[in-house]
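Data file: entry-v9.txt. Format and content: compact mmCIF, C-alpha atoms and all ligand atoms.
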```txt
# COMPACT_ATOMS: atom_id res chain seq x y z
CA MET A 946 125.55 114.98 97.37
CA THR A 947 126.30 111.28 96.84
CA THR A 948 124.59 109.68 99.81
CA ILE A 949 121.00 109.64 100.97
CA ARG A 950 120.77 110.80 104.58
CA LYS A 951 117.11 111.58 105.02
CA ALA A 952 113.92 109.57 104.62
CA VAL A 953 110.38 110.92 104.59
CA PHE A 954 107.58 108.72 105.90
CA PRO A 955 104.22 110.11 104.78
CA VAL A 956 101.87 108.65 107.38
CA ALA A 957 99.08 111.21 107.47
CA GLY A 958 96.57 109.27 105.36
CA LEU A 959 93.18 108.38 106.82
CA GLY A 960 93.60 104.60 106.58
CA THR A 961 89.95 104.13 105.70
CA ARG A 962 90.42 100.54 104.54
CA PHE A 963 91.15 99.50 108.12
CA LEU A 964 88.29 101.25 109.90
CA PRO A 965 87.31 100.93 112.68
CA ALA A 966 90.82 99.76 113.71
CA THR A 967 92.25 103.05 112.43
CA LYS A 968 89.66 105.36 114.00
CA ALA A 969 92.00 106.34 116.84
CA VAL A 970 95.17 104.39 116.00
CA ALA A 971 97.49 105.01 113.09
CA LYS A 972 97.42 102.35 110.38
CA GLU A 973 101.23 102.35 110.52
CA MET A 974 101.10 101.28 114.18
CA LEU A 975 99.35 98.02 113.26
CA ALA A 976 101.81 95.25 114.10
CA ILE A 977 103.04 92.46 111.88
CA VAL A 978 103.52 89.83 114.61
CA ASP A 979 105.23 92.03 117.24
CA LYS A 980 106.57 95.06 115.40
CA PRO A 981 104.55 98.00 114.01
CA LEU A 982 104.71 98.65 110.28
CA ILE A 983 106.35 102.02 110.90
CA GLN A 984 109.26 100.37 112.67
CA TYR A 985 109.93 97.94 109.82
CA ALA A 986 110.08 101.02 107.57
CA ALA A 987 112.40 102.93 109.92
CA GLU A 988 114.75 99.94 110.16
CA GLU A 989 114.84 99.59 106.37
CA ALA A 990 115.96 103.23 106.13
CA GLU A 991 118.53 102.91 108.93
CA GLN A 992 120.03 99.77 107.36
CA ALA A 993 120.36 101.74 104.11
CA GLY A 994 122.53 104.32 105.91
CA ILE A 995 119.83 106.94 106.51
CA ASP A 996 120.11 108.82 109.81
CA THR A 997 117.28 111.36 109.71
CA LEU A 998 113.71 110.07 109.78
CA ILE A 999 111.06 112.66 108.86
CA PHE A 1000 107.50 111.61 109.69
CA ILE A 1001 104.58 113.47 108.11
CA VAL A 1002 101.83 112.80 110.61
CA GLY A 1003 98.12 113.56 110.86
CA ARG A 1004 95.48 113.82 113.53
CA THR A 1005 95.37 110.20 114.78
CA LYS A 1006 99.10 109.66 114.57
CA ASN A 1007 100.35 110.66 118.02
CA SER A 1008 101.09 107.01 118.78
CA ILE A 1009 103.78 107.18 116.07
CA ILE A 1010 105.43 110.11 117.85
CA ASP A 1011 105.20 108.24 121.16
CA HIS A 1012 106.64 105.10 119.59
CA PHE A 1013 109.85 106.89 118.59
CA ASP A 1014 110.10 108.87 121.84
CA LYS A 1015 112.14 107.79 124.86
CA ALA A 1016 109.94 105.74 127.22
CA TYR A 1017 111.50 106.63 130.62
CA GLU A 1018 108.98 104.84 132.86
CA LEU A 1019 108.90 101.67 130.79
CA GLU A 1020 112.69 101.57 130.51
CA ASN A 1021 113.00 102.09 134.29
CA GLU A 1022 110.54 99.30 135.04
CA LEU A 1023 112.26 96.88 132.68
CA ALA A 1024 115.68 97.74 134.17
CA LEU A 1025 114.39 97.21 137.73
CA ARG A 1026 113.03 93.80 136.73
CA ASN A 1027 116.30 92.86 134.96
CA LYS A 1028 114.45 92.38 131.65
CA ASP A 1029 117.56 93.24 129.67
CA ALA A 1030 116.49 91.76 126.33
CA LEU A 1031 113.19 93.66 126.39
CA LEU A 1032 114.96 96.84 127.51
CA LYS A 1033 117.24 96.57 124.49
CA ILE A 1034 114.26 96.11 122.16
CA VAL A 1035 112.62 99.25 123.57
CA LYS A 1036 115.82 101.33 123.41
CA ASP A 1037 116.65 100.17 119.88
CA THR A 1038 113.44 101.70 118.54
CA VAL A 1039 115.64 104.69 117.72
CA PRO A 1040 119.29 103.62 117.47
CA GLU A 1041 122.15 105.93 118.53
CA GLY A 1042 122.88 108.56 115.91
CA VAL A 1043 119.40 108.49 114.37
CA ASN A 1044 117.24 111.63 114.58
CA CYS A 1045 113.47 111.83 114.23
CA VAL A 1046 111.55 114.85 112.95
CA PHE A 1047 107.75 115.09 113.08
CA ILE A 1048 105.72 117.39 110.85
CA ARG A 1049 101.93 117.75 110.83
CA GLN A 1050 100.04 117.60 107.56
CA SER A 1051 96.97 119.47 108.73
CA GLU A 1052 94.73 118.21 105.91
CA ALA A 1053 95.08 114.91 104.05
CA LEU A 1054 95.43 116.56 100.62
CA GLY A 1055 97.34 113.65 99.11
CA LEU A 1056 100.73 111.94 99.03
CA GLY A 1057 102.29 114.70 96.91
CA HIS A 1058 101.20 117.30 99.45
CA ALA A 1059 102.52 115.14 102.32
CA VAL A 1060 105.96 114.97 100.66
CA LEU A 1061 105.90 118.75 100.12
CA CYS A 1062 105.36 119.18 103.88
CA ALA A 1063 108.89 117.76 104.34
CA GLU A 1064 110.59 120.49 102.31
CA ALA A 1065 112.03 122.52 105.19
CA ALA A 1066 113.33 119.40 106.96
CA VAL A 1067 114.87 117.90 103.82
CA GLY A 1068 116.42 121.08 102.38
CA ASN A 1069 118.37 121.01 99.14
CA GLU A 1070 119.45 117.38 98.98
CA PRO A 1071 118.15 114.11 97.51
CA PHE A 1072 116.00 112.12 99.90
CA ALA A 1073 114.12 108.85 100.26
CA VAL A 1074 110.37 108.40 100.61
CA ILE A 1075 109.10 105.22 102.24
CA LEU A 1076 105.43 104.25 102.55
CA PRO A 1077 105.32 101.93 105.57
CA ASP A 1078 102.19 100.10 104.45
CA ASP A 1079 104.23 98.63 101.60
CA LEU A 1080 106.25 96.14 103.65
CA ILE A 1081 109.12 94.70 101.60
CA TYR A 1082 111.12 91.65 102.64
CA ASN A 1083 114.39 90.57 101.05
CA ASP A 1084 117.05 88.13 102.26
CA GLY A 1085 119.89 90.26 100.83
CA ASP A 1086 120.16 94.05 100.68
CA ASN A 1087 116.84 95.60 101.58
CA CYS A 1088 114.80 97.54 98.99
CA MET A 1089 115.97 101.01 100.04
CA GLN A 1090 119.62 99.89 100.13
CA GLN A 1091 119.25 98.61 96.56
CA MET A 1092 117.75 101.95 95.52
CA VAL A 1093 120.48 103.96 97.28
CA ASP A 1094 123.02 101.92 95.26
CA VAL A 1095 121.17 102.83 92.05
CA TYR A 1096 121.13 106.50 93.09
CA SER A 1097 124.86 106.44 93.86
CA LYS A 1098 125.56 105.20 90.34
CA HIS A 1099 123.13 107.38 88.33
CA LYS A 1100 122.65 110.47 90.56
CA ALA A 1101 119.00 110.82 89.56
CA SER A 1102 115.58 110.12 91.05
CA VAL A 1103 114.69 106.44 91.36
CA ILE A 1104 111.23 104.92 91.80
CA GLY A 1105 110.72 101.43 93.20
CA THR A 1106 108.55 99.28 90.95
CA GLN A 1107 107.09 95.84 90.73
CA THR A 1108 105.39 93.81 87.98
CA VAL A 1109 101.63 93.59 88.50
CA ASP A 1110 98.78 91.97 86.64
CA MET A 1111 97.51 94.53 84.10
CA SER A 1112 93.99 94.12 85.46
CA GLU A 1113 95.25 95.84 88.64
CA SER A 1114 96.75 98.91 86.92
CA ASP A 1115 93.98 101.16 88.27
CA LYS A 1116 95.24 100.61 91.83
CA TYR A 1117 98.76 101.94 91.18
CA GLY A 1118 100.91 104.58 89.58
CA MET A 1119 102.12 102.85 86.41
CA VAL A 1120 105.41 103.60 84.61
CA GLY A 1121 106.81 102.91 81.17
CA GLY A 1122 110.12 103.56 79.42
CA PRO A 1123 113.13 101.88 77.81
CA LYS A 1124 115.25 99.38 79.71
CA VAL A 1125 118.72 100.64 80.69
CA GLU A 1126 120.16 97.62 82.46
CA ASP A 1127 118.97 94.62 84.46
CA ARG A 1128 116.04 95.77 86.66
CA LEU A 1129 116.48 99.44 85.61
CA SER A 1130 114.47 101.49 83.10
CA MET A 1131 114.09 105.16 82.25
CA VAL A 1132 110.74 106.64 83.18
CA ASP A 1133 109.20 108.09 80.00
CA GLU A 1134 105.65 107.92 81.25
CA ILE A 1135 104.10 107.74 84.70
CA ILE A 1136 100.34 107.78 85.21
CA GLU A 1137 98.32 107.49 88.44
CA LYS A 1138 95.75 104.68 88.48
CA PRO A 1139 95.23 104.25 84.71
CA ALA A 1140 92.71 101.82 83.25
CA PRO A 1141 94.53 98.71 81.92
CA ALA A 1142 94.26 99.94 78.31
CA GLU A 1143 95.96 103.23 79.25
CA ALA A 1144 98.79 101.76 81.38
CA PRO A 1145 102.22 102.27 79.76
CA SER A 1146 103.51 98.85 80.96
CA ASP A 1147 102.95 96.28 83.71
CA GLN A 1148 105.39 98.09 86.07
CA ALA A 1149 103.64 99.54 89.11
CA VAL A 1150 105.07 102.10 91.51
CA VAL A 1151 105.20 100.79 95.06
CA GLY A 1152 106.05 102.77 98.17
CA ARG A 1153 109.76 103.48 97.69
CA TYR A 1154 111.27 106.56 96.06
CA ILE A 1155 114.53 108.48 95.97
CA LEU A 1156 113.83 112.01 94.77
CA THR A 1157 115.92 115.05 93.99
CA PRO A 1158 114.87 118.26 95.80
CA ALA A 1159 113.62 119.70 92.49
CA ILE A 1160 110.39 117.81 93.25
CA PHE A 1161 109.43 120.38 95.91
CA ASP A 1162 108.99 123.36 93.56
CA ILE A 1163 107.06 121.11 91.20
CA LEU A 1164 104.71 119.88 93.94
CA LYS A 1165 103.92 123.48 94.89
CA THR A 1166 102.16 123.91 91.54
CA THR A 1167 100.84 120.36 91.05
CA GLU A 1168 97.07 120.41 90.74
CA ARG A 1169 94.77 117.90 92.38
CA GLY A 1170 94.66 114.72 90.29
CA ALA A 1171 93.20 111.21 90.74
CA GLY A 1172 90.83 111.02 93.72
CA GLY A 1173 90.95 114.82 94.09
CA GLU A 1174 94.37 114.52 95.80
CA ILE A 1175 97.73 116.14 95.04
CA GLN A 1176 99.48 113.09 93.63
CA LEU A 1177 103.20 112.43 93.94
CA THR A 1178 102.93 110.54 90.64
CA ASP A 1179 101.84 113.74 88.86
CA GLY A 1180 104.78 115.60 90.42
CA ILE A 1181 107.19 112.92 89.18
CA ALA A 1182 105.63 113.09 85.70
CA ALA A 1183 106.53 116.80 85.66
CA LEU A 1184 109.99 116.17 87.16
CA ARG A 1185 110.97 113.78 84.37
CA LYS A 1186 110.48 116.56 81.83
CA SER A 1187 113.48 118.40 83.30
CA GLU A 1188 115.57 115.52 84.80
CA GLU A 1189 116.17 111.83 84.21
CA VAL A 1190 114.02 109.61 86.42
CA PHE A 1191 114.67 105.86 86.71
CA ALA A 1192 112.34 102.98 87.58
CA TYR A 1193 114.01 100.20 89.53
CA SER A 1194 112.36 96.80 89.80
CA PHE A 1195 113.65 95.86 93.26
CA GLU A 1196 114.48 92.40 94.55
CA GLY A 1197 112.17 91.38 97.35
CA MET A 1198 108.66 90.35 98.31
CA ARG A 1199 106.21 93.22 98.84
CA TYR A 1200 103.15 92.97 101.04
CA ASP A 1201 100.43 95.58 100.58
CA CYS A 1202 99.68 96.04 104.27
CA GLY A 1203 97.30 98.90 103.45
CA SER A 1204 94.88 96.16 102.35
CA LYS A 1205 93.44 93.53 104.67
CA ILE A 1206 94.57 90.59 102.55
CA GLY A 1207 98.14 91.91 102.21
CA TYR A 1208 98.26 92.55 105.94
CA LEU A 1209 97.16 88.99 106.67
CA GLN A 1210 99.65 87.52 104.19
CA ALA A 1211 102.50 89.46 105.82
CA THR A 1212 101.35 88.38 109.28
CA VAL A 1213 101.33 84.68 108.34
CA GLU A 1214 104.65 84.77 106.47
CA PHE A 1215 106.49 86.82 109.10
CA ALA A 1216 105.14 84.53 111.85
CA LEU A 1217 106.48 81.53 109.91
CA LYS A 1218 109.93 83.21 109.92
CA HIS A 1219 109.79 84.34 113.56
CA ASP A 1220 112.47 82.86 115.88
CA GLU A 1221 110.12 82.13 118.78
CA LEU A 1222 106.92 81.40 116.89
CA ALA A 1223 107.77 79.61 113.66
CA ASP A 1224 107.44 75.99 114.78
CA GLU A 1225 104.38 76.45 116.95
CA PHE A 1226 102.61 78.54 114.32
CA LYS A 1227 103.42 76.05 111.55
CA ASN A 1228 101.98 73.22 113.66
CA TYR A 1229 98.89 75.31 114.27
CA LEU A 1230 98.38 76.02 110.55
CA GLN A 1231 98.89 72.34 109.67
CA ALA A 1232 96.33 71.29 112.27
CA LEU A 1233 93.68 73.65 110.87
CA ASP A 1234 91.16 71.50 109.09
CA MET A 1235 90.50 73.60 105.96
P1 LIG A 1301 96.85 105.53 100.84
O1 LIG A 1301 96.40 105.66 99.45
O2 LIG A 1301 97.23 104.17 101.31
O3 LIG A 1301 95.76 106.15 101.77
O4 LIG A 1301 98.07 106.53 101.02
P2 LIG A 1301 95.50 105.95 103.31
O5 LIG A 1301 94.70 107.10 103.75
O6 LIG A 1301 96.75 105.71 104.09
O7 LIG A 1301 94.65 104.60 103.40
P3 LIG A 1301 93.19 104.23 102.85
O8 LIG A 1301 93.34 104.07 101.34
O9 LIG A 1301 92.24 105.32 103.23
O10 LIG A 1301 92.87 102.94 103.55
C1 LIG A 1301 99.37 106.18 100.62
C2 LIG A 1301 100.36 106.77 101.61
O11 LIG A 1301 100.31 108.18 101.57
C3 LIG A 1301 100.09 108.69 102.87
C4 LIG A 1301 99.41 107.57 103.62
O12 LIG A 1301 99.59 107.73 105.02
C5 LIG A 1301 100.09 106.34 103.04
O13 LIG A 1301 101.36 106.11 103.66
N1 LIG A 1301 99.28 109.92 102.75
C6 LIG A 1301 98.21 109.92 101.91
C7 LIG A 1301 99.61 111.04 103.48
O14 LIG A 1301 100.57 111.04 104.26
N2 LIG A 1301 98.84 112.16 103.33
C8 LIG A 1301 97.78 112.20 102.50
O15 LIG A 1301 97.14 113.26 102.40
C9 LIG A 1301 97.45 111.05 101.78
```
What is this file in structure tokens?
Amino acid sequence: MTTIRKAVFPVAGLGTRFLPATKAVAKEMLAIVDKPLIQYAAEEAEQAGIDTLIFIVGRTKNSIIDHFDKAYELENELALRNKDALLKIVKDTVPEGVNCVFIRQSEALGLGHAVLCAEAAVGNEPFAVILPDDLIYNDGDNCMQQMVDVYSKHKASVIGTQTVDMSESDKYGMVGGPKVEDRLSMVDEIIEKPAPAEAPSDQAVVGRYILTPAIFDILKTTERGAGGEIQLTDGIAALRKSEEVFAYSFEGMRYDCGSKIGYLQATVEFALKHDELADEFKNYLQALDM
């Protein structure tokens, strides 16, 4: 299999850092300006040639299912009122030829467990994993497209990484290994949330992965790790013992929209790039007396 056709979106986490906003609404439905995080993630996958979107959802996530469903009444109303541009926006939520699959993760046992829930829908082929709260912006090829290109060349699992300050290593999965080419390294070590002294390098895993299906059998026997959760990082650490795994330092700006500050940064920067809002918003920011 040379192409990546399927992407898994694990969106069953509790989103505790955004309570009470996420008490009844999925964190991934929070909007950056006018588009929910989950839609940015879906578009990134679609632009990378992926046509099957597999959402691992939890209890408060029905709005995600509704978002990707056909909205007959709304579409009818918009058509009757000749709101063609808005009608197109609503219809384009799921472009022609793209299929959505929804799977419930009944208990939030961790990211590794959420990925394992996708096994039947993915089958025996390599697949992408995208965490929508890591919003990544790039002027050129998007992050997943860059990673699909790496996969096409090396035919092995690829993890998206970014340089972080070592003092932040305990917030991330951290990887280390020899450099292979520009932006690409082998993964020799991968550790979930190590203390700075234990981190193998300053390369942190962010929410983009391409994984071979061998990960599923490994996740079935992966024990609970950091935070008492079944960690994808621990599964990947086991995978690299039997297969090559690469770390790819992608081109692009990443916003950690799972944190309040990252969410605000993304909101400001996307508003400053927005066709309708940019000028007005810039004037507003300049007029703020800070
Ligand atoms: P986070 O660590 O960001 O957790 O999960 P969270 O629950 O979403 O948010 P906080 O920390 O409580 O505020 C990383 C990703 O893994 C998914 C989350 O939805 C998020 O996309 N996840 C995590 C699952 O799908 N299932 C889980 O059991 C745990």
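Considering the residues A:Leu1164, A:Ile1048, A:Ile1136, A:Leu1080 and counting all atoms listed in the file, Gly1207 (chain A) has its shortest atom-to-atom contact with A:Leu1080.
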Counting all atoms listed in the file, the residue among A:Ala1171, A:Ile983, A:Ala1063, A:Ala1101 that lies closest to Ile1155 (chain A) is A:Ala1101
message = I'd like the neighbourhood of Ala987 (chain A) as number ranges by chain, where a residue qualifies if any of its atoms comes within 12 Å (using only C-alpha atoms), though same-chain residues fewer than 3 positions away should be ignored.
response = A: 951-954, 973, 980-984, 990-1000, 1009, 1012-1013, 1037-1040, 1043-1045, 1073-1078, 1080, 1087, 1089
Practice problem: Please provide as JSON, numbers by chain all residues within 12 Å of Arg1128 (chain A), with the sequence filter that same-chain residues fewer than 4 positions apart are discarded (counting only C-alpha atoms). | Solution: {"A": [1091, 1092, 1095, 1103, 1104, 1105, 1106, 1107, 1108, 1123, 1124, 1148, 1191, 1192, 1193, 1194, 1195, 1196]}
* Asked: Skipping near chain neighbours, those fewer than 5 positions away, what residues fall within 8 Å of Ala1211 (chain A) using all atoms listed in the file, listed as a PyMOL selection string?
  -> chain A and resi 977+1080+1200+1202
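A straight line drawn from CA of Ala1053 (chain A) to atom C9 of ligand LIG 1301 (chain A) is 5.1 Å long.
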note - CA of Gly1055 (chain A) and CA of Arg1199 (chain A) are separated by 22.3 Å
key: 10 Å shell around ligand LIG 1301 (chain A) using all atoms listed in the file, listed as a ChimeraX atom specification   = /A:953-964,967,971-973,983,1000-1003,1006,1049-1060,1062,1074-1079,1116-1117,1151-1152,1172,1174-1177,1201-1205
Correct to one decimal, the distance CA of Glu1070 (chain A)-CA of Val1046 (chain A) is 16.2 Å
Ile1160 (chain A) proximity check over A:Val1067, A:Ile1010, A:Ala986, A:Ile1135, using all atoms listed in the file: winner is A:Val1067
